[in-house]
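Following: one structure in structure tokens, then a few remarks.
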Amino acid sequence: MATGADVRDILELGGPEGDAPGPISKKDIINPDKKKSKKSSETLTFKRPEGMHREVYALLYSDKKDAPPLLPSDTTQGYRTVKAKLGSKKVRPWKWMPFTNPARKDGAMFYHWRRAAEEGKDYPFARFNKAVQVPVYSEQEYQLYLHDDAWTKAETDHLFDLSRRFDLRFVVIHDRYDHQQFKKRSVEDLKERYYHICARLANVRAVPGTDLKVPVFDAGHERRRKEQLERLYNRTPEQVAEEEYLVQELRKIEARKKEREKRSQDLQKLITAADTTAEQRRTERKAPKKKLPQKKETEKPAVPETAGIKFPDFKSAGVTLRSQRMKLPSSVGQKKIKALEQMLLELGVELSPTPTEELVQMFNELRSDLVLLYELKQACANCEYELQMLRHRHEALARVGPLGAAPPPPPPPSAEPPPLPSDGPGPDLAKDTIIDVVGAPLTPNSRKRRESASSSSSVKKAKKP
């Protein structure tokens, strides 16, 4: 049932409140359509209901905010692609007409559907018929340049005739080759003879001064390749498994070799850093005190970054605390920090002394030297451990003997076991024979124990007078 508001809206009458017409002003005369446009803009604004997805709301109204159609319609607006617009023109006629293929030499006639306007034209797929250009030689050229004692002229003519028929498909040529009338040839022999004649004719017929692209066929390489491929195909499952095992072992050996080279480089850097630091200390001691402030940055020896600790330089403008220069950089790991604190406590040095200018410099140098000492002790312990392992392996291999030698006879049951050497317990023969010759990586527990032992021993040696 229509209400009063609906009736007023239909008759375009104003509402009872606020819509009553008032006195006409100057603005109403200048802009008479302002209220109508404002009203129309207000009526065209729609708000998406809460809980409704944007995609679902977009299906209800188009960009012009029109109501959804009652019947399905096709529009160019939206995400759908434009459909083909078929006109009302007359359809082009098609005919069932015959055609011939120029690639065939027997004149066979075929039929297919084709447009009536294309009647009498050539077959469109004939342009894809590409023939190989096989060279042709004369009797005189053969006698002068192409004669070969292993090949007769009739056999060479037969080879080139098959090459033209089968477009240089040498596997098919070898299958159709007349092995009863001529000598039995392999595929490599046929290829070698054909390409040799092509290269010879190209050199003879070439204009002097031109760059030739002569085809070359290496028959020996092709024979070795096929022989190797046949051997690879005829491998037994045991041989395949053995090869995979050897490849894996080779990768392990290469990885350990790279690791050893990296460790040796790190060790060399540490040794160089220690020598450079010692030389620098010695130079500073010998230099007079008056020339100490006159240091030049270009005269400082190049110390590797891995040596000791590299403290940051506070050269930027602004106020900074001197104690910030004593802060360890983030590049130092927690393990080194703990070892450094332990070494400082054993030496009786405070962990955070009063940050005076001289004290800060000496404290940083002391910690850098202690970290360098810690790294050198750790590298020395690793080298000693590897040396001991290699010594045990050498002794085990010496006991076993050379490869292929007979194992030593077992001891009699009444014999007593041989005494152990005075240096310590001997290496286990069964375990040493299993260990890889290249070297096995250290376990985390053994590495931690050795690092802690080396750090404590280095502190004790430093405390001794």
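Following the order of the structure tokens, chains are lettered A, B, ..., residues in each are numbered from 1, and ligands are numbered from 1.
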Report as a VMD selection string all protein, DNA and RNA residues lying within 10 Å of Leu168 (chain A), evaluated on only C-alpha atoms, omitting residues in the same chain fewer than 4 positions from it.
chain A and resid 132 to 134 159 to 160 162 to 164 172 to 173 191 194
Please report the interatomic distance between CA of Leu373 (chain A) and CA of Ala339 (chain A) in Å with one decimal.
11.1 Å
Å distance separating CA of Pro135 (chain A) from CA of Gly107 (chain A), one decimal place:
26.3 Å
Residue with smallest distance to His147 (chain A) - pool A:Ala131, A:Leu366, A:Lys105, A:Arg193, counting only C-alpha atoms:
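Answer, going by the shortest atom-to-atom distance: A:Arg193.
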Between A:Pro208, A:Val332, A:Ala219, A:Gln361, which is the closest to His196 (chain A) once you count only C-alpha atoms?
A:Ala219
I need the residues of region 68-302 of chain A that end up classed as alpha helix (DSSP H) by DSSP on the backbone, written out as a PDB file with C-alpha atoms, in the first residue's frame.
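Output file out14.pdb follows:
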ATOM      1  CA  GLU A 139      82.867 -38.948 -64.474  1.00  0.00           C
ATOM      2  CA  GLN A 140      85.867 -36.673 -64.913  1.00  0.00           C
ATOM      3  CA  GLU A 141      85.547 -35.231 -61.379  1.00  0.00           C
ATOM      4  CA  LYS A 153      82.360 -45.987 -58.634  1.00  0.00           C
ATOM      5  CA  ALA A 154      79.278 -48.193 -58.781  1.00  0.00           C
ATOM      6  CA  GLU A 155      79.229 -48.439 -54.986  1.00  0.00           C
ATOM      7  CA  THR A 156      79.620 -44.651 -54.647  1.00  0.00           C
ATOM      8  CA  ASP A 157      76.799 -44.068 -57.156  1.00  0.00           C
ATOM      9  CA  HIS A 158      74.585 -46.449 -55.191  1.00  0.00           C
ATOM     10  CA  LEU A 159      75.333 -44.563 -51.949  1.00  0.00           C
ATOM     11  CA  PHE A 160      74.447 -41.171 -53.466  1.00  0.00           C
ATOM     12  CA  ASP A 161      71.288 -42.576 -55.052  1.00  0.00           C
ATOM     13  CA  LEU A 162      70.088 -43.819 -51.645  1.00  0.00           C
ATOM     14  CA  SER A 163      71.050 -40.475 -50.087  1.00  0.00           C
ATOM     15  CA  ARG A 164      68.740 -38.662 -52.516  1.00  0.00           C
ATOM     16  CA  ARG A 165      65.898 -41.142 -52.001  1.00  0.00           C
ATOM     17  CA  PHE A 166      65.954 -41.106 -48.190  1.00  0.00           C
ATOM     18  CA  PHE A 170      71.763 -42.910 -42.873  1.00  0.00           C
ATOM     19  CA  VAL A 171      70.109 -45.515 -40.678  1.00  0.00           C
ATOM     20  CA  VAL A 172      67.529 -46.118 -43.419  1.00  0.00           C
ATOM     21  CA  ILE A 173      70.261 -45.932 -46.042  1.00  0.00           C
ATOM     22  CA  HIS A 174      72.228 -48.610 -44.209  1.00  0.00           C
ATOM     23  CA  ASP A 175      69.107 -50.786 -44.030  1.00  0.00           C
ATOM     24  CA  ARG A 176      68.404 -50.426 -47.788  1.00  0.00           C
ATOM     25  CA  VAL A 187      76.756 -46.536 -40.875  1.00  0.00           C
ATOM     26  CA  GLU A 188      80.018 -44.760 -40.002  1.00  0.00           C
ATOM     27  CA  ASP A 189      81.629 -45.942 -43.258  1.00  0.00           C
ATOM     28  CA  LEU A 190      78.724 -44.618 -45.316  1.00  0.00           C
ATOM     29  CA  LYS A 191      78.779 -41.256 -43.513  1.00  0.00           C
ATOM     30  CA  GLU A 192      82.533 -40.944 -43.853  1.00  0.00           C
ATOM     31  CA  ARG A 193      82.464 -41.626 -47.622  1.00  0.00           C
ATOM     32  CA  TYR A 194      79.566 -39.237 -48.261  1.00  0.00           C
ATOM     33  CA  TYR A 195      80.932 -36.283 -46.277  1.00  0.00           C
ATOM     34  CA  HIS A 196      84.441 -36.809 -47.665  1.00  0.00           C
ATOM     35  CA  ILE A 197      83.090 -36.473 -51.219  1.00  0.00           C
ATOM     36  CA  CYS A 198      81.020 -33.400 -50.267  1.00  0.00           C
ATOM     37  CA  ALA A 199      84.041 -31.689 -48.723  1.00  0.00           C
ATOM     38  CA  ARG A 200      86.224 -32.564 -51.689  1.00  0.00           C
ATOM     39  CA  LEU A 201      83.726 -31.224 -54.212  1.00  0.00           C
ATOM     40  CA  ALA A 202      83.231 -28.034 -52.197  1.00  0.00           C
ATOM     41  CA  ASN A 203      86.970 -27.353 -52.177  1.00  0.00           C
ATOM     42  CA  VAL A 204      87.303 -28.044 -55.886  1.00  0.00           C
ATOM     43  CA  ARG A 205      84.298 -25.974 -57.008  1.00  0.00           C
ATOM     44  CA  ALA A 219      84.294 -41.575 -38.089  1.00  0.00           C
ATOM     45  CA  GLY A 220      86.774 -42.739 -35.431  1.00  0.00           C
ATOM     46  CA  HIS A 221      85.158 -40.604 -32.760  1.00  0.00           C
ATOM     47  CA  GLU A 222      81.698 -41.871 -33.736  1.00  0.00           C
ATOM     48  CA  ARG A 223      82.839 -45.495 -33.527  1.00  0.00           C
ATOM     49  CA  ARG A 224      84.392 -44.948 -30.070  1.00  0.00           C
ATOM     50  CA  ARG A 225      81.250 -43.157 -28.897  1.00  0.00           C
ATOM     51  CA  LYS A 226      78.986 -46.022 -29.925  1.00  0.00           C
ATOM     52  CA  GLU A 227      81.356 -48.564 -28.424  1.00  0.00           C
ATOM     53  CA  GLN A 228      81.393 -46.690 -25.132  1.00  0.00           C
ATOM     54  CA  LEU A 229      77.604 -46.375 -25.218  1.00  0.00           C
ATOM     55  CA  GLU A 230      77.285 -50.098 -25.774  1.00  0.00           C
ATOM     56  CA  ARG A 231      79.557 -50.822 -22.830  1.00  0.00           C
ATOM     57  CA  LEU A 232      77.550 -48.450 -20.684  1.00  0.00           C
ATOM     58  CA  TYR A 233      74.301 -50.139 -21.710  1.00  0.00           C
ATOM     59  CA  PRO A 237      73.451 -54.079 -11.723  1.00  0.00           C
ATOM     60  CA  GLU A 238      76.494 -54.774  -9.521  1.00  0.00           C
ATOM     61  CA  GLN A 239      78.666 -52.551 -11.702  1.00  0.00           C
ATOM     62  CA  VAL A 240      76.077 -49.747 -11.621  1.00  0.00           C
ATOM     63  CA  ALA A 241      75.868 -49.930  -7.816  1.00  0.00           C
ATOM     64  CA  GLU A 242      79.666 -49.928  -7.539  1.00  0.00           C
ATOM     65  CA  GLU A 243      79.953 -46.860  -9.771  1.00  0.00           C
ATOM     66  CA  GLU A 244      77.344 -44.971  -7.726  1.00  0.00           C
ATOM     67  CA  TYR A 245      79.208 -45.875  -4.533  1.00  0.00           C
ATOM     68  CA  LEU A 246      82.503 -44.661  -5.986  1.00  0.00           C
ATOM     69  CA  VAL A 247      80.911 -41.389  -7.122  1.00  0.00           C
ATOM     70  CA  GLN A 248      79.533 -40.785  -3.625  1.00  0.00           C
ATOM     71  CA  GLU A 249      82.914 -41.520  -2.057  1.00  0.00           C
ATOM     72  CA  LEU A 250      84.597 -39.174  -4.521  1.00  0.00           C
ATOM     73  CA  ARG A 251      82.194 -36.391  -3.523  1.00  0.00           C
ATOM     74  CA  LYS A 252      82.942 -37.013   0.141  1.00  0.00           C
ATOM     75  CA  ILE A 253      86.686 -36.892  -0.506  1.00  0.00           C
ATOM     76  CA  GLU A 254      86.362 -33.625  -2.467  1.00  0.00           C
ATOM     77  CA  ALA A 255      84.224 -32.071   0.290  1.00  0.00           C
ATOM     78  CA  ARG A 256      86.763 -33.045   2.954  1.00  0.00           C
ATOM     79  CA  LYS A 257      89.587 -31.765   0.797  1.00  0.00           C
ATOM     80  CA  LYS A 258      87.874 -28.375   0.465  1.00  0.00           C
ATOM     81  CA  GLU A 259      87.257 -28.298   4.207  1.00  0.00           C
ATOM     82  CA  ARG A 260      90.909 -29.088   4.917  1.00  0.00           C
ATOM     83  CA  GLU A 261      92.077 -26.372   2.502  1.00  0.00           C
ATOM     84  CA  LYS A 262      89.762 -23.870   4.159  1.00  0.00           C
ATOM     85  CA  ARG A 263      91.071 -24.766   7.611  1.00  0.00           C
ATOM     86  CA  SER A 264      94.652 -24.485   6.437  1.00  0.00           C
ATOM     87  CA  GLN A 265      93.920 -21.027   4.995  1.00  0.00           C
ATOM     88  CA  ASP A 266      92.309 -19.932   8.266  1.00  0.00           C
ATOM     89  CA  LEU A 267      95.296 -21.260  10.186  1.00  0.00           C
ATOM     90  CA  GLN A 268      97.704 -19.412   7.909  1.00  0.00           C
ATOM     91  CA  LYS A 269      95.720 -16.196   8.451  1.00  0.00           C
ATOM     92  CA  LEU A 270      95.928 -16.670  12.221  1.00  0.00           C
ATOM     93  CA  ILE A 271      99.674 -17.262  12.102  1.00  0.00           C
ATOM     94  CA  THR A 272     100.170 -14.210   9.887  1.00  0.00           C
ATOM     95  CA  ALA A 273      98.039 -12.114  12.217  1.00  0.00           C
ATOM     96  CA  ALA A 274      99.999 -13.272  15.260  1.00  0.00           C
ATOM     97  CA  ASP A 275     103.326 -12.465  13.603  1.00  0.00           C
ATOM     98  CA  THR A 276     102.052  -9.061  12.454  1.00  0.00           C
ATOM     99  CA  THR A 277     100.716  -8.205  15.905  1.00  0.00           C
ATOM    100  CA  ALA A 278     103.979  -9.209  17.568  1.00  0.00           C
ATOM    101  CA  GLU A 279     106.004  -7.176  15.092  1.00  0.00           C
ATOM    102  CA  GLN A 280     103.736  -4.184  15.651  1.00  0.00           C
ATOM    103  CA  ARG A 281     104.153  -4.431  19.449  1.00  0.00           C
ATOM    104  CA  ARG A 282     107.912  -4.676  19.079  1.00  0.00           C
ATOM    105  CA  THR A 283     108.008  -1.615  16.823  1.00  0.00           C
ATOM    106  CA  GLU A 284     105.903   0.420  19.240  1.00  0.00           C
ATOM    107  CA  ARG A 285     108.190  -0.452  22.134  1.00  0.00           C
ATOM    108  CA  LYS A 286     111.346   0.534  20.249  1.00  0.00           C
TER     109      LYS A 286
END
I need the residue nearest Pro329 (chain A) from this list: A:Leu60, A:Ile309, A:Met109, A:Val7. Use only C-alpha atoms for the distance.
A:Ile309
Can you pull out every residue within 9 Å of region 111-115 of chain A, counting only C-alpha atoms, but drop anything in the same chain fewer than 2 positions away, and send it as a list of chain:residue names?
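Contacts, in chain order: A:Arg92, A:Pro93, A:Trp94, A:Lys95, A:Trp96, A:Met97, A:Pro98, A:Phe99, A:Thr100, A:Met109, A:Ala117, A:Glu118, A:Glu119.
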Between CA of Ala126 (chain A) and CA of Phe110 (chain A) - distance in Å to one decimal:
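According to the coordinates, CA of Phe110 (chain A) and CA of Ala126 (chain A) are separated by 13.8 Å.
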